[in-house]
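K.L.:
Once you've had a glance at the structure underneath, I'll fire off some questions.
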Amino acid sequence: MAVKSSKAERKTNYDEKLCKLLDMYSQILIVAADNVGSNQLQSIRKGLRGESVVLMGKNTMMKRSIRAHADRTGNKTYLSLVPLLVGNVGMIFTKGDLKEVSEEVAKYKVGAPARVGLIAPIDVIVPPGNTGLDPSQTSFFQVLNIPTKINKGTVEIITPVELIKKGDKVGSSESALLSKLGIRPFSYGLVVLSVYDNGSVFSPEVLQLTDDDLVGKFANGLAMVTSLSLALAYPTLAAAPHMFTNAYKNVLAIAVETEYSYPQAEQVKEYLKDPSKFAVAVAAPVATVATPSTAAAKEEKVDTEVCDDEDDETLFGLFDD
C-alpha cells in the first residue's frame, strides 16, 4: 500500500517541479481551464507530449513558487506571470512554435450541454424542423415563445429561434428544451489567455499575425512617421527622400519662373516652350520597342510593296509596247 504524502510534501514537490520547468522553458502559454474535465485534460497532455508540458495548480501555489524562484535565481522576468494567474488557469511550458502549440490546444474541444446557470459563450439558435417530440411537450415551446405546429403527430418548429444570447445565463427551461432536442450547443477546452516569451507578455492574437500583416503595420507606421516629419519640417531618415524631392521641385519651379537656369532645368524649359518635343521624347522609346509580330508585319508589308511595284512595271511595259 502506497504511503500518502503529506500536504507539506506535496507543496514542496510542486514547488520543485514548477521551478525546474521555469529553468528549462522560456515560453509559456497561460490558459483558462473552465469546464475542462480531467479526461479531456489528459488527452491534451498526450497530444502535447514531447515538446510541451501542461501544469495545473492553485494560483496561490503557482505565485508563491514563481516569486521564490525569482528570489533564488535573481531572474525577475518571470514575475510578469504573477498578475496573469487569476481565475481557473494553468500553464503550458513549451519549446515549440507558439502558434502551432496554441492551434494544437484548440483542437481538444468537446461538446457540452447547456447546464442551468452557465454563462453562454456563444449565441444559441434552435433551427427549424421536426423535433420528434409528441404534442404533450408543447408547453416547453410555449414558455419560450417558440412558434410550433403539429405535423404527423410530432411538434415541428416553424422558424429559427435565438434561444440564448451570448453572455446570458442559461435558464432551467432553456436547458430542459435543449436536452430534449439533443442539442449540445457549447464546446469547452483550454483557451489561451496570454503568451509569455523570454520576459515579454502579449495577447494570443499576436500569434495569428502573418508576415504580410507585419509588413503592412510597419508600412503604416513608416507612413505616419514620414507625414509627421514633413508636417513639422523635422528631418528623419523616412522623410529625407520626400524632403529632397520637394526641395528639387521648389528649385526647379524658381528656375522655370526666372532667368536663372542650370543644366537639369534646361530640358524642362525646352519642353515648356514647345510641348511637342515632350510628346516626341515620350513616344520615341515606345516606337523603338518592336515586337516579333510587328516585325513580321513590317516584312510582309515590304514584300507586298515589292510585288506591287513589279506588277506596275509589267503593266507599264505592256502599254509601252
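The chains in the C-alpha cells are called A, B, ... from first to last as shown; in each chain the residues are counted from 1, and the ligands are counted from 1 in the order shown.
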So which residues touch Ile146 in chain A within 9 Å, counting only C-alpha atoms, skipping near sequence neighbours fewer than 3 positions away, as a list in words?
P.N.:
Phe140, Phe141, Gln142, Val143, Ile157, Ile158, Thr159, Pro160, Val161 and Leu163 of chain A
K.L.:
Let me see the file: selected residues, N, CA, C and O atoms, as an mmCIF file, in the first residue's frame.
P.N.:
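Saved to again-v4.cif:
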```
data_model
loop_
_atom_site.group_PDB
_atom_site.id
_atom_site.type_symbol
_atom_site.label_atom_id
_atom_site.label_comp_id
_atom_site.auth_asym_id
_atom_site.auth_seq_id
_atom_site.Cartn_x
_atom_site.Cartn_y
_atom_site.Cartn_z
ATOM 1 N N PHE A 140 -43.150 23.366 -23.252
ATOM 2 C CA PHE A 140 -41.788 23.907 -23.250
ATOM 3 C C PHE A 140 -41.642 25.021 -24.285
ATOM 4 O O PHE A 140 -41.036 26.057 -24.029
ATOM 5 N N PHE A 141 -42.193 24.801 -25.463
ATOM 6 C CA PHE A 141 -42.072 25.781 -26.544
ATOM 7 C C PHE A 141 -42.906 27.020 -26.254
ATOM 8 O O PHE A 141 -42.512 28.132 -26.599
ATOM 9 N N GLN A 142 -44.079 26.844 -25.638
ATOM 10 C CA GLN A 142 -44.930 27.986 -25.323
ATOM 11 C C GLN A 142 -44.282 28.902 -24.295
ATOM 12 O O GLN A 142 -44.369 30.127 -24.401
ATOM 13 N N VAL A 143 -43.615 28.315 -23.297
ATOM 14 C CA VAL A 143 -42.940 29.126 -22.271
ATOM 15 C C VAL A 143 -41.845 29.983 -22.892
ATOM 16 O O VAL A 143 -41.633 31.139 -22.483
ATOM 17 N N ILE A 157 -40.849 22.868 -35.234
ATOM 18 C CA ILE A 157 -40.520 24.288 -35.077
ATOM 19 C C ILE A 157 -40.608 24.956 -36.444
ATOM 20 O O ILE A 157 -40.038 24.476 -37.427
ATOM 21 N N ILE A 158 -41.322 26.091 -36.496
ATOM 22 C CA ILE A 158 -41.600 26.731 -37.782
ATOM 23 C C ILE A 158 -40.416 27.577 -38.254
ATOM 24 O O ILE A 158 -40.000 27.488 -39.417
ATOM 25 N N THR A 159 -39.886 28.413 -37.376
ATOM 26 C CA THR A 159 -38.812 29.333 -37.753
ATOM 27 C C THR A 159 -37.637 29.194 -36.782
ATOM 28 O O THR A 159 -37.823 28.779 -35.637
ATOM 29 N N PRO A 160 -36.430 29.561 -37.216
ATOM 30 C CA PRO A 160 -35.285 29.522 -36.289
ATOM 31 C C PRO A 160 -35.470 30.530 -35.163
ATOM 32 O O PRO A 160 -35.960 31.642 -35.375
ATOM 33 N N VAL A 161 -35.071 30.133 -33.966
ATOM 34 C CA VAL A 161 -35.277 30.973 -32.787
ATOM 35 C C VAL A 161 -33.958 31.141 -32.043
ATOM 36 O O VAL A 161 -33.251 30.154 -31.787
ATOM 37 N N LEU A 163 -32.463 31.251 -28.936
ATOM 38 C CA LEU A 163 -32.908 30.828 -27.609
ATOM 39 C C LEU A 163 -32.096 31.495 -26.497
ATOM 40 O O LEU A 163 -32.662 31.944 -25.489
#
```
K.L.:
So which residues touch range 205-219 of chain A within 9 Å, counting only C-alpha atoms, skipping near sequence neighbours fewer than 2 positions away, as an NGL selection string?
P.N.:
:A and (98-99 or 102 or 195 or 202-203 or 221-224)
K.L.:
So which bits of range 16-242 of chain A end up strand (DSSP E or B) when you DSSP the backbone, as a PyMOL selection string?
P.N.:
chain A and resi 27-32+52-56+89-94+110-112+119+124-126+129-130+148-151+154-157+161-164+169+186-188+191-197+200-202
K.L.:
Would you kindly return, as a VMD selection string, each protein, DNA or RNA residue with an atom no farther than 12 Å from any atom of Lys107 in chain A, considering only C-alpha atoms and excluding same-chain residues fewer than 5 positions away?
P.N.:
chain A and resid 40 43 to 44 47 to 48 100 to 102 187 to 191
K.L.:
Identify which of the residues A:Ala265, A:Val31, A:Leu55, A:Ala240 lies closest to Leu252 in chain A, counting only C-alpha atoms when measuring atom-to-atom distances.
P.N.:
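Comparing A:Ala265, A:Val31, A:Leu55, A:Ala240 against Leu252 in chain A, the winner is A:Ala265.
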K.L.:
Hey, could you make a per-residue contact list for range 56-123 of chain A against range 11-26 of chain A with 7 Å as the cut-off, showing the nearest pair of atoms and its distance in Å to one decimal, counting only C-alpha atoms, sorted by chain and number, as CSV?
P.N.:
```
residue,atom,partner,partner_atom,distance
A:Ser65,CA,A:Asp15,CA,5.4
A:His69,CA,A:Cys19,CA,6.1
A:Phe93,CA,A:Tyr25,CA,6.1
A:Thr94,CA,A:Tyr25,CA,6.3
A:Lys95,CA,A:Tyr25,CA,6.5
```
K.L.:
Create the file for the chosen residues now, containing N, CA and C atoms and written as a CSV table (one decimal), in the first residue's frame.
P.N.:
```
chain,number,residue,atom,x,y,z
A,65,SER,N,5.6,29.9,-5.8
A,65,SER,CA,6.7,29.2,-6.4
A,65,SER,C,7.5,30.2,-7.4
A,69,HIS,N,11.3,31.4,-6.9
A,69,HIS,CA,12.3,31.1,-8.0
A,69,HIS,C,13.0,32.4,-8.4
A,93,PHE,N,4.2,24.9,-20.7
A,93,PHE,CA,5.6,25.2,-21.0
A,93,PHE,C,5.9,24.5,-22.3
A,94,THR,N,6.6,25.3,-23.2
A,94,THR,CA,6.9,24.7,-24.5
A,94,THR,C,8.2,25.3,-25.0
A,95,LYS,N,8.8,24.4,-25.9
A,95,LYS,CA,9.9,24.9,-26.7
A,95,LYS,C,9.6,24.9,-28.2
```
K.L.:
Determine, counting only C-alpha atoms, which protein, DNA and RNA residues have an atom within 10 Å of an atom of Asn151 in chain A; residues of the same chain fewer than 6 positions away are not included. Present the result as an mmCIF file with C-alpha atoms, in the first residue's frame.
P.N.:
```
data_model
loop_
_atom_site.group_PDB
_atom_site.id
_atom_site.type_symbol
_atom_site.label_atom_id
_atom_site.label_comp_id
_atom_site.auth_asym_id
_atom_site.auth_seq_id
_atom_site.Cartn_x
_atom_site.Cartn_y
_atom_site.Cartn_z
ATOM 1 C CA ASN A 130 -39.285 18.355 -36.780
ATOM 2 C CA GLY A 132 -39.606 14.280 -32.832
ATOM 3 C CA ASP A 134 -45.078 14.374 -29.072
ATOM 4 C CA PRO A 135 -47.718 17.136 -28.759
ATOM 5 C CA ILE A 157 -40.520 24.288 -35.077
#
```
K.L.:
Quick check for you: according to DSSP on this backbone, which residues of range 13-224 of chain A are classed as alpha helix (DSSP H)? Reply as a ChimeraX atom specification.
P.N.:
/A:13-24,38-48,59-73,98-107,138-143,172-181,211-224
K.L.:
For the atom pair CA of Glu257 in chain A and CA of Ala279 in chain A, what is the interatomic distance in Å to one decimal place?
P.N.:
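That distance, rounded to one decimal, is 22.1 Å.
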